[in-house]
file run-v4.cif (mmCIF, C-alpha atoms)
data_coords
#
loop_
_atom_site.label_atom_id
_atom_site.label_comp_id
_atom_site.auth_asym_id
_atom_site.auth_seq_id
_atom_site.Cartn_x
_atom_site.Cartn_y
_atom_site.Cartn_z
CA MET A 1 97.70 79.37 97.35
CA ARG A 2 94.15 78.16 96.56
CA PRO A 3 94.89 74.43 97.04
CA THR A 4 96.70 75.30 100.26
CA ILE A 5 93.52 76.90 101.59
CA ALA A 6 91.51 73.79 100.66
CA THR A 7 93.85 71.31 102.34
CA LEU A 8 94.53 73.43 105.44
CA ILE A 9 90.80 73.85 106.10
CA CYS A 10 90.23 70.13 105.62
CA GLN A 11 93.07 69.30 108.00
CA ALA A 12 92.01 71.95 110.54
CA LEU A 13 88.70 70.05 110.74
CA GLY A 14 90.48 66.75 111.34
CA GLY A 15 90.72 65.56 107.75
CA LYS A 16 93.70 63.39 106.90
CA ASP A 17 96.48 64.25 104.47
CA ASP A 18 95.58 61.44 102.07
CA ASP A 19 94.73 60.96 98.39
CA SER A 20 91.13 62.16 98.88
CA THR A 21 92.31 65.45 100.33
CA LEU A 22 94.83 65.80 97.51
CA GLU A 23 92.03 65.37 94.97
CA VAL A 24 90.32 68.49 96.32
CA SER A 25 93.51 70.45 95.71
CA VAL A 26 93.70 69.01 92.21
CA ILE A 27 90.12 70.13 91.48
CA VAL A 28 90.93 73.68 92.60
CA GLU A 29 94.21 73.80 90.70
CA LEU A 30 92.62 72.48 87.48
CA MET A 31 89.99 75.24 87.66
CA HIS A 32 92.70 77.83 88.25
CA GLN A 33 94.98 76.59 85.48
CA GLY A 34 92.04 76.35 83.07
CA SER A 35 91.09 79.95 83.87
CA LEU A 36 94.66 81.15 83.22
CA VAL A 37 94.70 79.48 79.80
CA ILE A 38 91.40 81.19 78.90
CA ASP A 39 92.43 84.55 80.45
CA ASP A 40 95.62 84.70 78.38
CA LEU A 41 93.58 84.00 75.28
CA LEU A 42 90.95 86.65 76.05
CA ASP A 43 93.48 89.30 77.13
CA GLY A 44 95.87 88.55 74.26
CA ASP A 45 98.68 88.07 76.79
CA LYS A 46 101.64 86.55 75.00
CA GLU A 47 103.54 85.56 78.13
CA ARG A 48 102.75 83.79 81.38
CA ARG A 49 105.42 83.95 84.10
CA GLY A 50 108.12 84.87 81.59
CA LYS A 51 107.30 82.04 79.16
CA PRO A 52 105.09 82.07 76.05
CA SER A 53 101.44 81.58 77.01
CA LEU A 54 99.83 78.38 75.71
CA TRP A 55 98.00 80.01 72.79
CA MET A 56 101.30 81.56 71.67
CA ALA A 57 103.32 78.35 72.13
CA GLU A 58 100.65 76.23 70.43
CA ASN A 59 97.62 77.90 68.87
CA ILE A 60 94.23 79.36 69.82
CA GLY A 61 92.34 76.14 69.07
CA LYS A 62 94.59 73.91 71.13
CA SER A 63 94.68 76.27 74.13
CA SER A 64 90.85 76.50 74.07
CA VAL A 65 90.59 72.72 74.15
CA VAL A 66 93.17 72.40 76.96
CA GLY A 67 91.27 74.97 79.05
CA LEU A 68 88.04 73.06 78.46
CA ILE A 69 89.65 69.71 79.37
CA MET A 70 90.93 71.19 82.62
CA PHE A 71 87.46 72.49 83.55
CA LEU A 72 85.81 69.18 82.64
CA GLY A 73 88.48 67.22 84.54
CA ALA A 74 87.82 69.33 87.65
CA ASN A 75 84.08 68.74 87.30
CA LYS A 76 84.49 64.99 86.84
CA ILE A 77 86.73 64.60 89.91
CA GLY A 78 84.48 66.90 91.92
CA ASN A 79 81.31 64.94 91.18
CA HIS A 80 83.07 61.63 91.83
CA ARG A 81 85.07 62.51 94.95
CA VAL A 82 82.99 65.23 96.60
CA PRO A 83 79.32 64.45 95.89
CA ARG A 84 78.20 66.86 98.65
CA ALA A 85 79.76 69.71 96.64
CA GLN A 86 77.55 68.86 93.66
CA ASN A 87 77.76 71.57 90.97
CA LEU A 88 80.35 73.65 92.85
CA VAL A 89 82.89 73.28 90.04
CA MET A 90 80.39 74.39 87.39
CA GLU A 91 79.13 77.23 89.60
CA THR A 92 82.71 78.42 90.09
CA ILE A 93 83.51 78.30 86.39
CA GLU A 94 80.27 80.19 85.69
CA HIS A 95 81.28 82.91 88.18
CA MET A 96 84.76 83.19 86.64
CA ALA A 97 83.27 83.42 83.15
CA LYS A 98 80.91 86.19 84.29
CA GLY A 99 83.91 87.94 85.83
CA ASN A 100 85.72 87.80 82.51
CA GLN A 101 82.63 89.20 80.81
CA ALA A 102 82.41 92.04 83.37
CA ASP A 103 86.11 92.78 82.91
CA MET A 104 85.70 92.97 79.13
CA ASP A 105 82.55 95.13 79.44
CA GLY A 106 84.40 97.57 81.72
CA PHE A 107 83.18 99.15 84.92
CA GLY A 108 82.89 102.83 84.01
CA TRP A 109 84.98 104.10 86.95
CA GLU A 110 82.44 102.62 89.40
CA GLU A 111 84.03 101.08 92.47
CA LYS A 112 81.14 98.72 93.15
CA LYS A 113 81.26 97.31 89.61
CA TYR A 114 85.02 96.83 89.92
CA MET A 115 84.72 95.04 93.25
CA ASP A 116 81.90 92.86 91.87
CA MET A 117 84.12 91.97 88.93
CA ILE A 118 87.08 90.86 91.07
CA TYR A 119 84.72 88.88 93.30
CA LEU A 120 83.46 86.96 90.27
CA LYS A 121 86.74 86.64 88.41
CA THR A 122 89.13 85.96 91.30
CA ALA A 123 87.64 85.73 94.78
CA TYR A 124 84.91 83.18 94.11
CA LEU A 125 87.50 80.51 93.28
CA TYR A 126 89.24 81.16 96.60
CA GLY A 127 85.88 80.78 98.32
CA ALA A 128 85.19 77.56 96.43
CA ALA A 129 88.62 76.19 97.44
CA ALA A 130 87.81 76.83 101.09
CA LYS A 131 84.34 75.33 100.68
CA PHE A 132 85.75 72.16 99.08
CA GLY A 133 88.20 71.84 101.97
CA ALA A 134 85.45 72.25 104.58
CA ILE A 135 83.21 69.69 102.87
CA MET A 136 86.09 67.20 102.69
CA GLY A 137 86.62 67.84 106.40
CA ASP A 138 82.99 66.82 106.97
CA ALA A 139 82.05 70.27 108.29
CA THR A 140 78.55 71.41 109.22
CA ASP A 141 76.78 73.72 106.77
CA ASP A 142 77.55 76.74 108.99
CA ILE A 143 81.27 76.00 108.96
CA VAL A 144 81.19 75.37 105.21
CA SER A 145 79.60 78.80 104.79
CA MET A 146 82.15 80.54 107.04
CA SER A 147 84.97 78.76 105.22
CA PHE A 148 83.67 80.13 101.92
CA ASP A 149 83.67 83.62 103.51
CA TYR A 150 87.29 83.16 104.57
CA GLY A 151 88.30 82.13 101.06
CA ARG A 152 86.46 84.85 99.21
CA ASN A 153 87.81 87.59 101.49
CA VAL A 154 91.35 86.26 101.06
CA GLY A 155 90.67 86.29 97.30
CA MET A 156 89.49 89.91 97.36
CA MET A 157 92.54 90.84 99.37
CA TYR A 158 94.86 88.95 97.02
CA GLN A 159 93.53 90.79 93.96
CA LEU A 160 93.79 94.23 95.58
CA VAL A 161 97.39 93.52 96.68
CA ASP A 162 98.24 92.22 93.23
CA ASP A 163 96.76 95.37 91.64
CA LEU A 164 98.56 97.66 94.07
CA THR A 165 101.97 96.09 93.51
CA ASP A 166 101.92 97.18 89.85
CA VAL A 167 101.23 100.76 90.94
CA LEU A 168 103.94 100.64 93.61
CA LYS A 169 106.48 99.06 91.24
CA THR A 170 105.75 101.78 88.69
CA GLN A 171 106.15 104.45 91.37
CA LYS A 172 109.47 102.98 92.47
CA THR A 173 111.04 102.26 89.08
CA ARG A 174 109.38 105.08 87.08
CA VAL A 175 108.75 102.48 84.37
CA LEU A 176 105.19 101.44 83.53
CA VAL A 177 104.69 97.92 84.92
CA GLY A 178 101.99 95.24 84.50
CA ASP A 179 98.46 96.67 84.65
CA MET A 180 99.91 100.19 84.54
CA ARG A 181 101.67 99.35 81.26
CA ARG A 182 98.49 97.84 79.84
CA GLY A 183 96.40 100.87 80.83
CA LYS A 184 94.23 98.60 82.99
CA ILE A 185 92.13 100.42 85.55
CA THR A 186 92.23 99.15 89.12
CA LEU A 187 90.94 100.46 92.45
CA THR A 188 93.72 103.06 92.81
CA GLN A 189 92.69 104.88 89.63
CA ILE A 190 88.98 104.43 90.36
CA ASP A 191 89.43 106.12 93.74
CA MET A 192 91.48 108.91 92.15
CA PHE A 193 88.71 109.43 89.58
CA ALA A 194 86.07 109.63 92.32
CA LYS A 195 88.00 112.07 94.53
CA ASP A 196 89.64 114.40 92.01
CA LYS A 197 87.28 115.64 89.30
CA SER A 198 89.97 117.86 87.76
CA SER A 199 92.05 114.77 86.87
CA ARG A 200 89.32 112.79 85.14
CA LYS A 201 90.34 113.63 81.57
CA PHE A 202 93.93 112.65 82.35
CA LEU A 203 92.83 109.36 83.91
CA GLU A 204 90.55 108.60 80.96
CA ARG A 205 93.54 108.94 78.64
CA PHE A 206 95.40 106.51 80.90
CA ALA A 207 92.57 104.01 80.51
CA SER A 208 92.71 104.29 76.74
CA ARG A 209 96.40 103.30 76.89
CA GLU A 210 97.63 106.69 75.84
CA MET A 211 99.68 107.26 78.96
CA VAL A 212 103.41 107.49 78.43
CA ALA A 213 106.20 107.21 80.95
CA GLU A 214 106.70 110.98 81.00
CA GLU A 215 103.22 111.40 82.47
CA LEU A 216 103.99 109.31 85.54
CA THR A 217 104.92 112.31 87.64
CA ALA A 218 101.47 113.81 86.99
CA PHE A 219 99.83 110.48 87.83
CA PHE A 220 101.49 110.20 91.21
CA LYS A 221 100.79 113.89 91.92
CA ILE A 222 97.09 112.98 91.80
CA ASP A 223 97.69 110.37 94.48
CA GLU A 224 99.29 113.00 96.70
CA LYS A 225 95.91 114.77 96.64
CA THR A 226 93.63 111.74 96.89
CA ASN A 227 95.70 109.25 98.95
CA SER A 228 94.22 106.52 96.80
CA MET A 229 97.05 104.04 97.34
CA ASP A 230 96.49 104.39 101.09
CA TYR A 231 92.78 103.83 100.49
CA VAL A 232 93.56 100.55 98.70
CA LYS A 233 95.86 99.52 101.57
CA ASP A 234 93.00 100.16 104.02
CA ARG A 235 90.67 97.99 101.95
CA ILE A 236 93.29 95.22 101.90
CA LYS A 237 93.58 95.38 105.69
CA ALA A 238 89.79 95.24 106.07
CA TYR A 239 89.46 92.14 103.87
CA LYS A 240 92.30 90.47 105.76
CA ASN A 241 90.64 91.13 109.12
CA ILE A 242 87.24 89.89 107.94
CA ALA A 243 88.86 86.73 106.53
CA ILE A 244 90.68 85.94 109.76
CA ALA A 245 87.55 86.57 111.85
CA SER A 246 85.73 83.92 109.75
CA LEU A 247 88.13 81.31 111.13
CA ASP A 248 86.77 81.57 114.66
CA VAL A 249 84.48 78.63 113.85
CA LEU A 250 87.46 76.30 113.32
CA PRO A 251 89.20 74.43 116.15
CA ASP A 252 92.49 75.92 117.31
CA ASN A 253 95.30 73.78 115.91
CA LYS A 254 98.39 74.22 113.75
CA TYR A 255 96.31 74.12 110.57
CA SER A 256 93.86 76.84 111.59
CA ARG A 257 96.77 78.93 112.87
CA ALA A 258 98.44 78.53 109.46
CA LEU A 259 95.19 79.73 107.84
CA ARG A 260 95.29 82.82 110.09
CA ALA A 261 98.88 83.49 109.01
CA LEU A 262 98.18 82.90 105.31
CA PRO A 263 96.80 86.37 104.34
CA SER A 264 99.87 88.18 105.72
CA TYR A 265 102.17 85.55 104.22
CA MET A 266 100.56 86.12 100.81
CA GLU A 267 100.67 89.91 101.13
CA GLU A 268 104.34 89.89 102.12
CA ALA A 269 105.23 87.53 99.24
CA LEU A 270 103.59 89.86 96.70
CA MET A 271 105.02 93.01 98.28
CA ARG A 272 108.56 91.57 98.16
CA GLU A 273 108.36 91.97 94.38
CA VAL A 274 108.02 95.74 94.74
CA MET B 275 106.18 66.66 133.04
CA VAL B 276 107.15 67.95 129.62
CA LYS B 277 104.18 69.07 127.56
CA ASP B 278 104.23 68.21 123.86
CA VAL B 279 104.48 71.33 121.77
CA GLU B 280 102.78 71.07 118.40
CA GLU B 281 105.18 72.26 115.72
CA GLU B 282 103.72 75.11 113.66
CA ILE B 283 103.34 74.71 109.91
CA ASN B 284 106.02 76.21 107.71
CA LEU B 285 103.93 77.60 104.85
CA ASP B 286 106.85 77.64 102.39
CA GLU B 287 107.47 73.93 102.92
CA TYR B 288 103.78 73.03 103.07
CA MET B 289 102.99 74.80 99.80
CA ALA B 290 106.06 73.44 98.00
CA GLY B 291 105.20 69.86 99.02
CA LEU B 292 101.56 70.24 98.04
CA SER B 293 102.42 71.87 94.73
CA LYS B 294 104.69 68.94 93.76
CA ARG B 295 102.01 66.37 94.59
CA ILE B 296 99.36 68.31 92.64
CA ASP B 297 101.60 68.68 89.59
CA ASP B 298 102.33 64.94 89.58
CA ARG B 299 98.62 64.14 89.84
CA ILE B 300 97.62 66.61 87.10
CA ASP B 301 100.35 65.25 84.79
CA HIS B 302 98.80 61.82 85.34
CA ILE B 303 95.25 63.09 84.62
CA LEU B 304 96.15 65.09 81.49
#
call {"tool": "encode", "arguments": {"input": "run-v4.cif", "output": "structure tokens"}}
result
Amino acid sequence: MRPTIATLICQALGGKDDDSTLEVSVIVELMHQGSLVIDDLLDGDKERRGKPSLWMAENIGKSSVVGLIMFLGANKIGNHRVPRAQNLVMETIEHMAKGNQADMDGFGWEEKKYMDMIYLKTAYLYGAAAKFGAIMGDATDDIVSMSFDYGRNVGMMYQLVDDLTDVLKTQKTRVLVGDMRRGKITLTQIDMFAKDKSSRKFLERFASREMVAEELTAFFKIDEKTNSMDYVKDRIKAYKNIAIASLDVLPDNKYSRALRALPSYMEEALMREV
Amino acid sequence: MVKDVEEEINLDEYMAGLSKRIDDRIDHIL
């Protein structure tokens, strides 16, 4: 998804589909893959897309080195191929690292802290992908800036949809899934916590991974009072609309139209899993 | 006169093609 944003923006601005454009996608993908290797290590996740994660398949030392090589490779190609985007790779990695730190520190049921965390950990890379694409398309600084806005808002939207699908899957199957199984707090629970003071102790137990499947009925009863899943859906829609509005600076062609379609395409792909 | 109609991008195909090219390039780099 991220490399697609980079290349579509570049092509929307008249950039050619050549090796230089591909290199921008490679930079973005190396940063993403490197972050997944490190995330699995930090979160102790033993699987990635149904297969053993790298630190499980190999060892902690090797996966740390592979993650580092991917980050350094992205930086090397970035500095060589896209000199105008000087330091963007390192800035992006710094933002992702701070996002990981914020995630590990926790956000104390504060919506702003949660949204700041997903901006750093997830959305900034989407913004950087769009920015790389715009720079490769020889865009003006204003268009580069609006392209970053498009990317980061798509990134925010992506993370909220991804979070919500675990809640919806759990609601549908009555089996704890993904973040719900891990007791990971996302915007749905944060909104419940803010709106329903009587449920706070219950939600705190959920966060400490003490929730069991039998408690799911009580969990979804809270949502009937707070409409928190609908609140998350509204936030997703808002980010999607802001992202699409950022594209008004691009010329109208098949590439910019594909960029307009991309947020809904991504949302539908994730929601199909529910 | 028949006006040329620009064919819209099929995102499934676009992403699959791009993904293959990126994987090949990353395999080469690593």
call {"tool": "atom_distance", "arguments": {"input": "run-v4.cif", "atom1": "atom CA of Glu281 of chain B", "atom2": "atom CA of Arg299 of chain B"}}
result
27.9 Å
call {"tool": "closest_residue", "arguments": {"input": "run-v4.cif", "among": "A:Leu262, A:Met31, A:Ala207, A:Thr122", "to": "Asp286 of chain B", "atoms": "only C-alpha atoms"}}
result
A:Leu262
call {"tool": "closest_atom_pairs", "arguments": {"input": "run-v4.cif", "of": "chain A", "to": "chain B", "cutoff": "8 Å", "atoms": "all atoms listed in the file", "output": "CSV"}}
result
residue,atom,partner,partner_atom,distance
A:Met1,CA,B:Met289,CA,7.4
A:Pro3,CA,B:Leu292,CA,7.9
A:Thr4,CA,B:Met289,CA,6.3
A:Leu22,CA,B:Ile296,CA,7.1
A:Ser25,CA,B:Ile296,CA,6.9
A:Val26,CA,B:Ile296,CA,5.7
A:Glu29,CA,B:Ile296,CA,7.8
A:Leu30,CA,B:Ile300,CA,7.7
A:Gly73,CA,B:Ile303,CA,7.9
A:Lys254,CA,B:Glu282,CA,5.4
A:Tyr255,CA,B:Ile283,CA,7.1
A:Arg257,CA,B:Glu282,CA,8.0
A:Ala258,CA,B:Ile283,CA,6.2
A:Leu262,CA,B:Leu285,CA,7.8
call {"tool": "atom_distance", "arguments": {"input": "run-v4.cif", "atom1": "atom CA of Val232 of chain A", "atom2": "atom CA of Leu164 of chain A"}}
result
7.4 Å
call {"tool": "resolve_selection", "arguments": {"input": "run-v4.cif", "expression": "the PyMOL selection byres ((chain A and resi 241-251) around 8)", "output": "NGL selection string"}}
result
:A and (12-13 or 143 or 146-147 or 149-154 or 237-240 or 252-253 or 256 or 259-260)
call {"tool": "closest_residue", "arguments": {"input": "run-v4.cif", "among": "A:Ala130, A:Val212, A:Ile185, A:Leu270", "to": "Trp109 of chain A", "atoms": "all atoms listed in the file"}}
result
A:Ile185
call {"tool": "residues_around", "arguments": {"input": "run-v4.cif", "residues": "Tyr124 of chain A", "least_positions_apart": "2", "cutoff": "8 Å", "atoms": "only C-alpha atoms", "output": "PDB file with C-alpha atoms, keeping the file's coordinate frame"}}
result
ATOM      1  CA  THR A  92      82.710  78.420  90.090  1.00  0.00           C
ATOM      2  CA  HIS A  95      81.280  82.910  88.180  1.00  0.00           C
ATOM      3  CA  MET A  96      84.760  83.190  86.640  1.00  0.00           C
ATOM      4  CA  TYR A 119      84.720  88.880  93.300  1.00  0.00           C
ATOM      5  CA  LEU A 120      83.460  86.960  90.270  1.00  0.00           C
ATOM      6  CA  LYS A 121      86.740  86.640  88.410  1.00  0.00           C
ATOM      7  CA  THR A 122      89.130  85.960  91.300  1.00  0.00           C
ATOM      8  CA  TYR A 126      89.240  81.160  96.600  1.00  0.00           C
ATOM      9  CA  GLY A 127      85.880  80.780  98.320  1.00  0.00           C
ATOM     10  CA  ALA A 128      85.190  77.560  96.430  1.00  0.00           C
ATOM     11  CA  GLY A 151      88.300  82.130 101.060  1.00  0.00           C
ATOM     12  CA  ARG A 152      86.460  84.850  99.210  1.00  0.00           C
ATOM     13  CA  GLY A 155      90.670  86.290  97.300  1.00  0.00           C
TER      14      GLY A 155
END
call {"tool": "atom_distance", "arguments": {"input": "run-v4.cif", "atom1": "atom CA of Gly183 of chain A", "atom2": "atom CA of Phe206 of chain A"}}
result
5.7 Å
call {"tool": "resolve_selection", "arguments": {"input": "run-v4.cif", "expression": "the PyMOL selection byres ((chain A and resi 46-55) around 12)", "output": "list in words"}}
result
Gln33, Gly34, Leu36, Val37, Ile38, Asp39, Asp40, Leu41, Leu42, Asp43, Gly44, Asp45, Met56, Ala57, Glu58, Asn59, Ile60, Gly61, Lys62, Ser63, Ser64, Val65, Val66, Gly67 and Gly178 of chain A
call {"tool": "decode", "arguments": {"input": "run-v4.cif", "residues": "segment 229-248 of chain A", "atoms": "N, CA and C atoms", "output": "PDB file, in the first residue's frame"}}
result
ATOM      1  N   MET A 229     -17.895   1.984  18.665  1.00  0.00           N
ATOM      2  CA  MET A 229     -17.498   1.485  17.342  1.00  0.00           C
ATOM      3  C   MET A 229     -17.973   2.449  16.250  1.00  0.00           C
ATOM      4  N   ASP A 230     -19.155   3.020  16.439  1.00  0.00           N
ATOM      5  CA  ASP A 230     -19.642   4.014  15.473  1.00  0.00           C
ATOM      6  C   ASP A 230     -18.768   5.270  15.509  1.00  0.00           C
ATOM      7  N   TYR A 231     -18.311   5.618  16.706  1.00  0.00           N
ATOM      8  CA  TYR A 231     -17.415   6.771  16.837  1.00  0.00           C
ATOM      9  C   TYR A 231     -16.135   6.538  16.026  1.00  0.00           C
ATOM     10  N   VAL A 232     -15.570   5.323  16.139  1.00  0.00           N
ATOM     11  CA  VAL A 232     -14.348   5.010  15.376  1.00  0.00           C
ATOM     12  C   VAL A 232     -14.640   5.075  13.876  1.00  0.00           C
ATOM     13  N   LYS A 233     -15.797   4.564  13.467  1.00  0.00           N
ATOM     14  CA  LYS A 233     -16.159   4.614  12.039  1.00  0.00           C
ATOM     15  C   LYS A 233     -16.248   6.068  11.555  1.00  0.00           C
ATOM     16  N   ASP A 234     -16.779   6.945  12.402  1.00  0.00           N
ATOM     17  CA  ASP A 234     -16.854   8.373  12.030  1.00  0.00           C
ATOM     18  C   ASP A 234     -15.469   8.980  11.872  1.00  0.00           C
ATOM     19  N   ARG A 235     -14.558   8.595  12.775  1.00  0.00           N
ATOM     20  CA  ARG A 235     -13.183   9.111  12.674  1.00  0.00           C
ATOM     21  C   ARG A 235     -12.518   8.619  11.385  1.00  0.00           C
ATOM     22  N   ILE A 236     -12.780   7.362  11.045  1.00  0.00           N
ATOM     23  CA  ILE A 236     -12.212   6.786   9.809  1.00  0.00           C
ATOM     24  C   ILE A 236     -12.703   7.590   8.594  1.00  0.00           C
ATOM     25  N   LYS A 237     -13.998   7.856   8.587  1.00  0.00           N
ATOM     26  CA  LYS A 237     -14.584   8.613   7.471  1.00  0.00           C
ATOM     27  C   LYS A 237     -13.963  10.010   7.379  1.00  0.00           C
ATOM     28  N   ALA A 238     -13.757  10.631   8.533  1.00  0.00           N
ATOM     29  CA  ALA A 238     -13.182  11.988   8.548  1.00  0.00           C
ATOM     30  C   ALA A 238     -11.764  11.976   7.977  1.00  0.00           C
ATOM     31  N   TYR A 239     -10.944  11.014   8.412  1.00  0.00           N
ATOM     32  CA  TYR A 239      -9.571  10.944   7.884  1.00  0.00           C
ATOM     33  C   TYR A 239      -9.580  10.686   6.380  1.00  0.00           C
ATOM     34  N   LYS A 240     -10.500   9.832   5.937  1.00  0.00           N
ATOM     35  CA  LYS A 240     -10.581   9.532   4.502  1.00  0.00           C
ATOM     36  C   LYS A 240     -10.923  10.808   3.715  1.00  0.00           C
ATOM     37  N   ASN A 241     -11.881  11.559   4.200  1.00  0.00           N
ATOM     38  CA  ASN A 241     -12.292  12.784   3.493  1.00  0.00           C
ATOM     39  C   ASN A 241     -11.177  13.828   3.464  1.00  0.00           C
ATOM     40  N   ILE A 242     -10.477  13.966   4.587  1.00  0.00           N
ATOM     41  CA  ILE A 242      -9.363  14.936   4.623  1.00  0.00           C
ATOM     42  C   ILE A 242      -8.273  14.512   3.637  1.00  0.00           C
ATOM     43  N   ALA A 243      -7.988  13.201   3.615  1.00  0.00           N
ATOM     44  CA  ALA A 243      -6.943  12.690   2.713  1.00  0.00           C
ATOM     45  C   ALA A 243      -7.306  13.015   1.267  1.00  0.00           C
ATOM     46  N   ILE A 244      -8.526  12.700   0.884  1.00  0.00           N
ATOM     47  CA  ILE A 244      -8.937  12.901  -0.512  1.00  0.00           C
ATOM     48  C   ILE A 244      -8.918  14.392  -0.881  1.00  0.00           C
ATOM     49  N   ALA A 245      -9.317  15.231   0.068  1.00  0.00           N
ATOM     50  CA  ALA A 245      -9.308  16.680  -0.204  1.00  0.00           C
ATOM     51  C   ALA A 245      -7.886  17.191  -0.467  1.00  0.00           C
ATOM     52  N   SER A 246      -6.883  16.538   0.141  1.00  0.00           N
ATOM     53  CA  SER A 246      -5.484  16.958  -0.063  1.00  0.00           C
ATOM     54  C   SER A 246      -5.041  16.770  -1.511  1.00  0.00           C
ATOM     55  N   LEU A 247      -5.762  15.916  -2.241  1.00  0.00           N
ATOM     56  CA  LEU A 247      -5.347  15.602  -3.617  1.00  0.00           C
ATOM     57  C   LEU A 247      -5.783  16.649  -4.635  1.00  0.00           C
ATOM     58  N   ASP A 248      -6.508  17.651  -4.176  1.00  0.00           N
ATOM     59  CA  ASP A 248      -6.986  18.675  -5.113  1.00  0.00           C
ATOM     60  C   ASP A 248      -5.832  19.409  -5.806  1.00  0.00           C
TER      61      ASP A 248
END
